[in-house]
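Undergrad: The structure under discussion is supplied below as structure tokens; questions concerning it will follow.
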Amino acid sequence: MGEGIVREAEEVSRETAKEGDLAKQVEELKRQFEKMKPGAEDKISIIVFSGDLDKVLAAFVIATGAVAMGMEAVMFFTFWGTPVLRDPKKRVNGKDLMGKMFGFMLPKGRNAIKLSNMNMAGMGTAMMKSLMKKKNVASLDEMFEMAAELGVKIYICEMSMSLMGFKKEEFIDYPNLEYVGVATFLEQAKNSRVQLFI
Amino acid sequence: MGEGIVREAEEVSRETAKEGDLAKQVEELKRQFEKMKPGAEDKISIIVFSGDLDKVLAAFVIATGAVAMGMEAVMFFTFWGTPVLRDPKKRVNGKDLMGKMFGFMLPKGRNAIKLSNMNMAGMGTAMMKSLMKKKNVASLDEMFEMAAELGVKIYICEMSMSLMGFKKEEFIDYPNLEYVGVATFLEQAKNSRVQLFI
Amino acid sequence: MGEGIVREAEEVSRETAKEGDLAKQVEELKRQFEKMKPGAEDKISIIVFSGDLDKVLAAFVIATGAVAMGMEAVMFFTFWGTPVLRDPKKRVNGKDLMGKMFGFMLPKGRNAIKLSNMNMAGMGTAMMKSLMKKKNVASLDEMFEMAAELGVKIYICEMSMSLMGFKKEEFIDYPNLEYVGVATFLEQAKNSRVQLFI
């Protein structure tokens, strides 16, 4: 009897040892998992560097498509993408000479941008827009509306704003538009499943 | 004796509690793991938005290189990338005026595309092609052949086809060529380890 | 009493079965985890395909920003990005005719590259550079210095070097500059959290 109990006690202690080992392994797995988990958020992060009509359209088709599939979508407008977010109806004062020059030379918002290719002095761009209408492809105006409704997040790069002399007051009204630096983008990007530089 | 057994019973029930706890933790880990697993497929998804010779070449070098390393590769041709897949020997009828115009203006397949830079009225492009031959870099024709053999998957964007008035009959013969929307691309992209917009 | 012990023995053996099961599950999780782990390294891989000043700047802002956030960063210079790494002070001999022509036509290093847009015969590029100084945005020279200090890894694409007839002797001095093929890039990219084609 006593022997039986000793054997059992040994069994239990062996169990406990194995158990403790297993618990440690599970702990380690959880720790490693925690570390990598952020990388797997069901999110897409898009850098909109280009200000070409075709590329901006592509960015919106992808971003809205992603949200329609249940993903989150974040668009980070930088460099030539920045002026796409200008509101042509808004005027700002107090810019320095360089800011005025850039303001004059860069497109005033999404309806002033051109195709990257076959623009042909505006003819190609006009043709593409008329085609989009005919083929029931959403225009850039409709894309912005859709993106806002779907909750696509839009960030504006502060460095580009500063370089081009833009002020917050001249950008479009968009829900939760934010002015951020590269760190914010990277934080989003590294926690996203898909990242694109457009 | 009775006391010993009571102690053991307590031990066992504590064990069971810890055990149940561990089982639950493992269950939770498995659940979270299942959720993220798709993101880690050994696959590369490339959007070929550009129709420039240099960029299309880069896309193929990367895609075929990936397959050579044991990865899967998916190429999604959209916008200016779409006409790269035209077969110049195939003729189609019944296009509307816009379709005919686009068909005329856009390059007729991969041998009609140019460098994005230093094209110099075709001279740069010709120079690059002759150099590629001399340096034993695969031509675009060879790249397509290799890609087909290696099982690189090629998708054509339906929206671009519709916009540019292309018909399925005018595209190249390629194994399992598919005509898809943005959702199909995103499904692939989010399950890939690498995604590029070229 | 004997009954009690039998019941306990049964309990223990059930425990052991469950335990073994759990151990197997943990083993399987660890195995799967090992397989995917590489995909989650806190690293960013950037293909610098473009040789435009604005895009190269963006690549460096992102790469150095990533390292500042504690990530690793790898830049893979290919095609038009390759001449950006030339050192204008270094001269090489023994190039063939094509190599000499490319050497002459392609920009001699980072201070010879132009904006992709609004270059306006160099005026836009000069304006941007003076603006960057004024707004305290790091110049490309400073970016390279910062990248070197931060440990940003720079790779040069061997195929592009060979195509353009460049020799190792004409590239800049940079810590651990390496000459690699597409496989090396893909190895890095698939083990990175973020990948961009710029």
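Labeling convention for the structure tokens: chains A, B, ... as they appear, residues from 1 per chain, ligands from 1 in order of appearance.
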As a ChimeraX atom specification, please: every residue in stretch 5-189 of chain B that a backbone DSSP assignment puts in helix (DSSP H, G or I).
TA: /B:5-40,53-68,79-85,97-105,110-112,120-134,140-150,158-164,168-170,182-189
Undergrad: Using all C-alpha atoms paired in order, least-squares fit chain A onto chain C and give me the moved copy as a PDB file with C-alpha atoms, in the first residue's frame.
TA:
ATOM      1  CA  MET A   1      -8.267   1.604  -0.083  1.00  0.00           C
ATOM      2  CA  GLY A   2      -7.185  -0.473  -3.041  1.00  0.00           C
ATOM      3  CA  GLU A   3     -10.142   0.890  -4.984  1.00  0.00           C
ATOM      4  CA  GLY A   4      -9.100   4.410  -4.151  1.00  0.00           C
ATOM      5  CA  ILE A   5      -5.674   3.764  -5.488  1.00  0.00           C
ATOM      6  CA  VAL A   6      -7.016   2.201  -8.656  1.00  0.00           C
ATOM      7  CA  ARG A   7      -9.211   5.234  -9.195  1.00  0.00           C
ATOM      8  CA  GLU A   8      -6.213   7.435  -8.628  1.00  0.00           C
ATOM      9  CA  ALA A   9      -4.103   5.420 -10.997  1.00  0.00           C
ATOM     10  CA  GLU A  10      -6.832   5.797 -13.624  1.00  0.00           C
ATOM     11  CA  GLU A  11      -6.965   9.498 -12.923  1.00  0.00           C
ATOM     12  CA  VAL A  12      -3.240   9.774 -13.335  1.00  0.00           C
ATOM     13  CA  SER A  13      -3.297   7.858 -16.602  1.00  0.00           C
ATOM     14  CA  ARG A  14      -6.131  10.023 -17.890  1.00  0.00           C
ATOM     15  CA  GLU A  15      -4.102  13.046 -16.837  1.00  0.00           C
ATOM     16  CA  THR A  16      -1.100  11.650 -18.628  1.00  0.00           C
ATOM     17  CA  ALA A  17      -3.132  11.093 -21.767  1.00  0.00           C
ATOM     18  CA  LYS A  18      -4.509  14.642 -21.681  1.00  0.00           C
ATOM     19  CA  GLU A  19      -1.051  15.869 -20.811  1.00  0.00           C
ATOM     20  CA  GLY A  20       0.494  14.090 -23.745  1.00  0.00           C
ATOM     21  CA  ASP A  21      -2.176  15.537 -25.962  1.00  0.00           C
ATOM     22  CA  LEU A  22      -1.479  19.035 -24.704  1.00  0.00           C
ATOM     23  CA  ALA A  23       2.240  18.537 -25.142  1.00  0.00           C
ATOM     24  CA  LYS A  24       1.621  17.486 -28.730  1.00  0.00           C
ATOM     25  CA  GLN A  25      -0.519  20.563 -29.326  1.00  0.00           C
ATOM     26  CA  VAL A  26       2.140  22.836 -27.870  1.00  0.00           C
ATOM     27  CA  GLU A  27       4.744  21.096 -30.015  1.00  0.00           C
ATOM     28  CA  GLU A  28       2.614  21.695 -33.118  1.00  0.00           C
ATOM     29  CA  LEU A  29       2.097  25.354 -32.199  1.00  0.00           C
ATOM     30  CA  LYS A  30       5.819  25.820 -31.731  1.00  0.00           C
ATOM     31  CA  ARG A  31       6.501  24.182 -35.072  1.00  0.00           C
ATOM     32  CA  GLN A  32       4.031  26.400 -36.913  1.00  0.00           C
ATOM     33  CA  PHE A  33       5.301  29.395 -35.011  1.00  0.00           C
ATOM     34  CA  GLU A  34       8.887  28.687 -35.999  1.00  0.00           C
ATOM     35  CA  LYS A  35       7.772  28.572 -39.615  1.00  0.00           C
ATOM     36  CA  MET A  36       6.180  31.997 -39.515  1.00  0.00           C
ATOM     37  CA  LYS A  37       8.450  33.731 -37.068  1.00  0.00           C
ATOM     38  CA  PRO A  38      10.872  35.082 -39.649  1.00  0.00           C
ATOM     39  CA  GLY A  39       8.097  37.126 -41.228  1.00  0.00           C
ATOM     40  CA  ALA A  40       7.787  39.187 -38.147  1.00  0.00           C
ATOM     41  CA  GLU A  41      11.245  40.632 -37.702  1.00  0.00           C
ATOM     42  CA  ASP A  42      11.109  44.274 -36.808  1.00  0.00           C
ATOM     43  CA  LYS A  43      12.692  45.240 -40.073  1.00  0.00           C
ATOM     44  CA  ILE A  44      11.925  47.304 -43.167  1.00  0.00           C
ATOM     45  CA  SER A  45      13.210  46.379 -46.633  1.00  0.00           C
ATOM     46  CA  ILE A  46      13.177  49.044 -49.306  1.00  0.00           C
ATOM     47  CA  ILE A  47      13.891  48.530 -52.995  1.00  0.00           C
ATOM     48  CA  VAL A  48      15.273  51.805 -54.339  1.00  0.00           C
ATOM     49  CA  PHE A  49      14.525  51.307 -58.019  1.00  0.00           C
ATOM     50  CA  SER A  50      14.109  54.985 -58.779  1.00  0.00           C
ATOM     51  CA  GLY A  51      16.983  57.416 -59.149  1.00  0.00           C
ATOM     52  CA  ASP A  52      14.853  60.533 -58.667  1.00  0.00           C
ATOM     53  CA  LEU A  53      15.917  62.908 -55.931  1.00  0.00           C
ATOM     54  CA  ASP A  54      12.472  63.062 -54.348  1.00  0.00           C
ATOM     55  CA  LYS A  55      12.034  59.298 -54.221  1.00  0.00           C
ATOM     56  CA  VAL A  56      15.552  58.607 -52.947  1.00  0.00           C
ATOM     57  CA  LEU A  57      14.976  61.212 -50.241  1.00  0.00           C
ATOM     58  CA  ALA A  58      11.710  59.543 -49.277  1.00  0.00           C
ATOM     59  CA  ALA A  59      13.479  56.183 -49.079  1.00  0.00           C
ATOM     60  CA  PHE A  60      16.069  57.627 -46.699  1.00  0.00           C
ATOM     61  CA  VAL A  61      13.527  59.461 -44.560  1.00  0.00           C
ATOM     62  CA  ILE A  62      11.669  56.174 -44.132  1.00  0.00           C
ATOM     63  CA  ALA A  63      14.786  54.025 -43.564  1.00  0.00           C
ATOM     64  CA  THR A  64      16.398  56.348 -41.013  1.00  0.00           C
ATOM     65  CA  GLY A  65      13.028  56.967 -39.364  1.00  0.00           C
ATOM     66  CA  ALA A  66      12.570  53.226 -38.982  1.00  0.00           C
ATOM     67  CA  VAL A  67      15.955  52.761 -37.324  1.00  0.00           C
ATOM     68  CA  ALA A  68      15.230  55.708 -35.025  1.00  0.00           C
ATOM     69  CA  MET A  69      12.142  53.749 -33.932  1.00  0.00           C
ATOM     70  CA  GLY A  70      14.205  50.703 -33.122  1.00  0.00           C
ATOM     71  CA  MET A  71      13.622  48.803 -36.345  1.00  0.00           C
ATOM     72  CA  GLU A  72      16.279  47.439 -38.670  1.00  0.00           C
ATOM     73  CA  ALA A  73      16.419  48.924 -42.177  1.00  0.00           C
ATOM     74  CA  VAL A  74      17.752  47.480 -45.403  1.00  0.00           C
ATOM     75  CA  MET A  75      17.956  49.416 -48.682  1.00  0.00           C
ATOM     76  CA  PHE A  76      18.417  47.533 -51.922  1.00  0.00           C
ATOM     77  CA  PHE A  77      19.551  49.827 -54.755  1.00  0.00           C
ATOM     78  CA  THR A  78      18.677  48.572 -58.200  1.00  0.00           C
ATOM     79  CA  PHE A  79      18.307  49.910 -61.740  1.00  0.00           C
ATOM     80  CA  TRP A  80      18.086  53.735 -61.730  1.00  0.00           C
ATOM     81  CA  GLY A  81      18.861  53.685 -58.028  1.00  0.00           C
ATOM     82  CA  THR A  82      22.294  52.166 -58.659  1.00  0.00           C
ATOM     83  CA  PRO A  83      24.032  55.287 -60.055  1.00  0.00           C
ATOM     84  CA  VAL A  84      22.890  57.223 -56.973  1.00  0.00           C
ATOM     85  CA  LEU A  85      25.584  55.304 -55.096  1.00  0.00           C
ATOM     86  CA  ARG A  86      28.407  56.336 -57.444  1.00  0.00           C
ATOM     87  CA  ASP A  87      31.195  58.398 -55.993  1.00  0.00           C
ATOM     88  CA  PRO A  88      31.899  61.243 -58.444  1.00  0.00           C
ATOM     89  CA  LYS A  89      35.474  61.535 -57.167  1.00  0.00           C
ATOM     90  CA  LYS A  90      36.338  57.960 -58.065  1.00  0.00           C
ATOM     91  CA  ARG A  91      37.492  57.119 -61.577  1.00  0.00           C
ATOM     92  CA  VAL A  92      37.635  53.666 -63.088  1.00  0.00           C
ATOM     93  CA  ASN A  93      39.374  52.396 -66.147  1.00  0.00           C
ATOM     94  CA  GLY A  94      38.903  49.447 -68.401  1.00  0.00           C
ATOM     95  CA  LYS A  95      35.206  49.853 -69.159  1.00  0.00           C
ATOM     96  CA  ASP A  96      33.892  48.714 -72.515  1.00  0.00           C
ATOM     97  CA  LEU A  97      32.143  51.138 -74.849  1.00  0.00           C
ATOM     98  CA  MET A  98      28.661  50.472 -73.474  1.00  0.00           C
ATOM     99  CA  GLY A  99      29.909  50.822 -69.913  1.00  0.00           C
ATOM    100  CA  LYS A 100      31.515  54.139 -70.819  1.00  0.00           C
ATOM    101  CA  MET A 101      28.324  55.378 -72.452  1.00  0.00           C
ATOM    102  CA  PHE A 102      26.176  54.428 -69.466  1.00  0.00           C
ATOM    103  CA  GLY A 103      28.758  55.867 -67.135  1.00  0.00           C
ATOM    104  CA  PHE A 104      28.549  59.111 -69.051  1.00  0.00           C
ATOM    105  CA  MET A 105      24.771  59.285 -69.341  1.00  0.00           C
ATOM    106  CA  LEU A 106      23.751  58.171 -65.866  1.00  0.00           C
ATOM    107  CA  PRO A 107      24.000  60.611 -62.964  1.00  0.00           C
ATOM    108  CA  LYS A 108      27.341  60.624 -61.161  1.00  0.00           C
ATOM    109  CA  GLY A 109      26.110  60.094 -57.649  1.00  0.00           C
ATOM    110  CA  ARG A 110      23.536  61.495 -55.302  1.00  0.00           C
ATOM    111  CA  ASN A 111      24.280  65.153 -55.992  1.00  0.00           C
ATOM    112  CA  ALA A 112      23.575  64.779 -59.670  1.00  0.00           C
ATOM    113  CA  ILE A 113      20.056  63.374 -59.424  1.00  0.00           C
ATOM    114  CA  LYS A 114      16.911  65.376 -60.205  1.00  0.00           C
ATOM    115  CA  LEU A 115      13.302  65.615 -59.077  1.00  0.00           C
ATOM    116  CA  SER A 116      10.905  63.201 -60.813  1.00  0.00           C
ATOM    117  CA  ASN A 117       8.560  66.107 -61.347  1.00  0.00           C
ATOM    118  CA  MET A 118       8.877  69.866 -61.823  1.00  0.00           C
ATOM    119  CA  ASN A 119      12.586  69.539 -62.497  1.00  0.00           C
ATOM    120  CA  MET A 120      12.196  72.391 -64.980  1.00  0.00           C
ATOM    121  CA  ALA A 121      15.677  72.080 -66.460  1.00  0.00           C
ATOM    122  CA  GLY A 122      17.202  71.846 -63.011  1.00  0.00           C
ATOM    123  CA  MET A 123      15.473  74.909 -61.569  1.00  0.00           C
ATOM    124  CA  GLY A 124      12.872  72.953 -59.609  1.00  0.00           C
ATOM    125  CA  THR A 125      15.556  70.649 -58.220  1.00  0.00           C
ATOM    126  CA  ALA A 126      17.705  73.594 -57.126  1.00  0.00           C
ATOM    127  CA  MET A 127      14.667  75.266 -55.567  1.00  0.00           C
ATOM    128  CA  MET A 128      13.798  72.111 -53.643  1.00  0.00           C
ATOM    129  CA  LYS A 129      17.346  71.784 -52.352  1.00  0.00           C
ATOM    130  CA  SER A 130      17.441  75.382 -51.175  1.00  0.00           C
ATOM    131  CA  LEU A 131      14.041  74.920 -49.536  1.00  0.00           C
ATOM    132  CA  MET A 132      15.219  71.797 -47.740  1.00  0.00           C
ATOM    133  CA  LYS A 133      18.110  73.743 -46.291  1.00  0.00           C
ATOM    134  CA  LYS A 134      15.850  76.579 -45.202  1.00  0.00           C
ATOM    135  CA  LYS A 135      13.316  74.238 -43.596  1.00  0.00           C
ATOM    136  CA  ASN A 136      16.010  72.197 -41.885  1.00  0.00           C
ATOM    137  CA  VAL A 137      15.244  69.045 -43.821  1.00  0.00           C
ATOM    138  CA  ALA A 138      18.375  66.901 -44.052  1.00  0.00           C
ATOM    139  CA  SER A 139      20.061  66.920 -47.472  1.00  0.00           C
ATOM    140  CA  LEU A 140      20.821  63.675 -49.253  1.00  0.00           C
ATOM    141  CA  ASP A 141      24.457  63.988 -48.124  1.00  0.00           C
ATOM    142  CA  GLU A 142      23.342  64.275 -44.526  1.00  0.00           C
ATOM    143  CA  MET A 143      20.889  61.410 -45.039  1.00  0.00           C
ATOM    144  CA  PHE A 144      23.684  59.099 -46.169  1.00  0.00           C
ATOM    145  CA  GLU A 145      25.774  60.079 -43.178  1.00  0.00           C
ATOM    146  CA  MET A 146      22.890  59.529 -40.814  1.00  0.00           C
ATOM    147  CA  ALA A 147      22.045  56.199 -42.412  1.00  0.00           C
ATOM    148  CA  ALA A 148      25.657  55.046 -42.022  1.00  0.00           C
ATOM    149  CA  GLU A 149      25.715  56.069 -38.374  1.00  0.00           C
ATOM    150  CA  LEU A 150      22.374  54.451 -37.633  1.00  0.00           C
ATOM    151  CA  GLY A 151      23.427  51.238 -39.295  1.00  0.00           C
ATOM    152  CA  VAL A 152      21.037  51.277 -42.243  1.00  0.00           C
ATOM    153  CA  LYS A 153      22.204  48.427 -44.469  1.00  0.00           C
ATOM    154  CA  ILE A 154      22.843  49.224 -48.143  1.00  0.00           C
ATOM    155  CA  TYR A 155      22.864  46.564 -50.843  1.00  0.00           C
ATOM    156  CA  ILE A 156      23.694  47.100 -54.511  1.00  0.00           C
ATOM    157  CA  CYS A 157      22.018  44.914 -57.124  1.00  0.00           C
ATOM    158  CA  GLU A 158      24.669  42.974 -59.025  1.00  0.00           C
ATOM    159  CA  MET A 159      22.530  42.547 -62.108  1.00  0.00           C
ATOM    160  CA  SER A 160      22.053  46.314 -62.452  1.00  0.00           C
ATOM    161  CA  MET A 161      25.778  46.871 -61.959  1.00  0.00           C
ATOM    162  CA  SER A 162      26.556  44.382 -64.654  1.00  0.00           C
ATOM    163  CA  LEU A 163      23.943  45.812 -67.044  1.00  0.00           C
ATOM    164  CA  MET A 164      25.134  49.373 -66.603  1.00  0.00           C
ATOM    165  CA  GLY A 165      28.784  48.383 -66.626  1.00  0.00           C
ATOM    166  CA  PHE A 166      29.551  49.741 -63.150  1.00  0.00           C
ATOM    167  CA  LYS A 167      32.534  48.526 -61.178  1.00  0.00           C
ATOM    168  CA  LYS A 168      32.748  48.141 -57.416  1.00  0.00           C
ATOM    169  CA  GLU A 169      35.556  50.702 -57.322  1.00  0.00           C
ATOM    170  CA  GLU A 170      33.315  53.551 -58.386  1.00  0.00           C
ATOM    171  CA  PHE A 171      30.799  53.319 -55.554  1.00  0.00           C
ATOM    172  CA  ILE A 172      30.762  55.409 -52.403  1.00  0.00           C
ATOM    173  CA  ASP A 173      32.445  54.398 -49.174  1.00  0.00           C
ATOM    174  CA  TYR A 174      29.716  53.130 -46.920  1.00  0.00           C
ATOM    175  CA  PRO A 175      29.975  50.739 -43.983  1.00  0.00           C
ATOM    176  CA  ASN A 176      29.368  47.150 -45.061  1.00  0.00           C
ATOM    177  CA  LEU A 177      28.129  48.007 -48.545  1.00  0.00           C
ATOM    178  CA  GLU A 178      27.299  44.698 -50.180  1.00  0.00           C
ATOM    179  CA  TYR A 179      26.814  43.523 -53.753  1.00  0.00           C
ATOM    180  CA  VAL A 180      23.947  41.069 -53.911  1.00  0.00           C
ATOM    181  CA  GLY A 181      21.408  39.336 -56.106  1.00  0.00           C
ATOM    182  CA  VAL A 182      17.630  39.252 -55.949  1.00  0.00           C
ATOM    183  CA  ALA A 183      17.660  36.209 -53.658  1.00  0.00           C
ATOM    184  CA  THR A 184      19.392  38.155 -50.895  1.00  0.00           C
ATOM    185  CA  PHE A 185      16.834  40.902 -51.167  1.00  0.00           C
ATOM    186  CA  LEU A 186      13.924  38.460 -51.056  1.00  0.00           C
ATOM    187  CA  GLU A 187      15.426  36.714 -48.046  1.00  0.00           C
ATOM    188  CA  GLN A 188      15.454  40.070 -46.261  1.00  0.00           C
ATOM    189  CA  ALA A 189      12.075  41.186 -47.554  1.00  0.00           C
ATOM    190  CA  LYS A 190      10.193  38.099 -46.519  1.00  0.00           C
ATOM    191  CA  ASN A 191      11.632  38.379 -43.047  1.00  0.00           C
ATOM    192  CA  SER A 192      10.618  42.029 -42.763  1.00  0.00           C
ATOM    193  CA  ARG A 193       7.498  43.566 -41.439  1.00  0.00           C
ATOM    194  CA  VAL A 194       7.408  46.301 -44.056  1.00  0.00           C
ATOM    195  CA  GLN A 195       8.513  46.174 -47.703  1.00  0.00           C
ATOM    196  CA  LEU A 196       8.406  49.038 -50.153  1.00  0.00           C
ATOM    197  CA  PHE A 197       9.257  49.403 -53.839  1.00  0.00           C
ATOM    198  CA  ILE A 198      10.251  52.997 -54.411  1.00  0.00           C
TER     199      ILE A 198
END
Undergrad: Would you please give, as number ranges by chain, all residues of chain C that DSSP assigns to strand (DSSP E or B) based on the backbone?
TA: C: 41-48, 72-77, 86, 153-157, 171, 178-180, 192-197
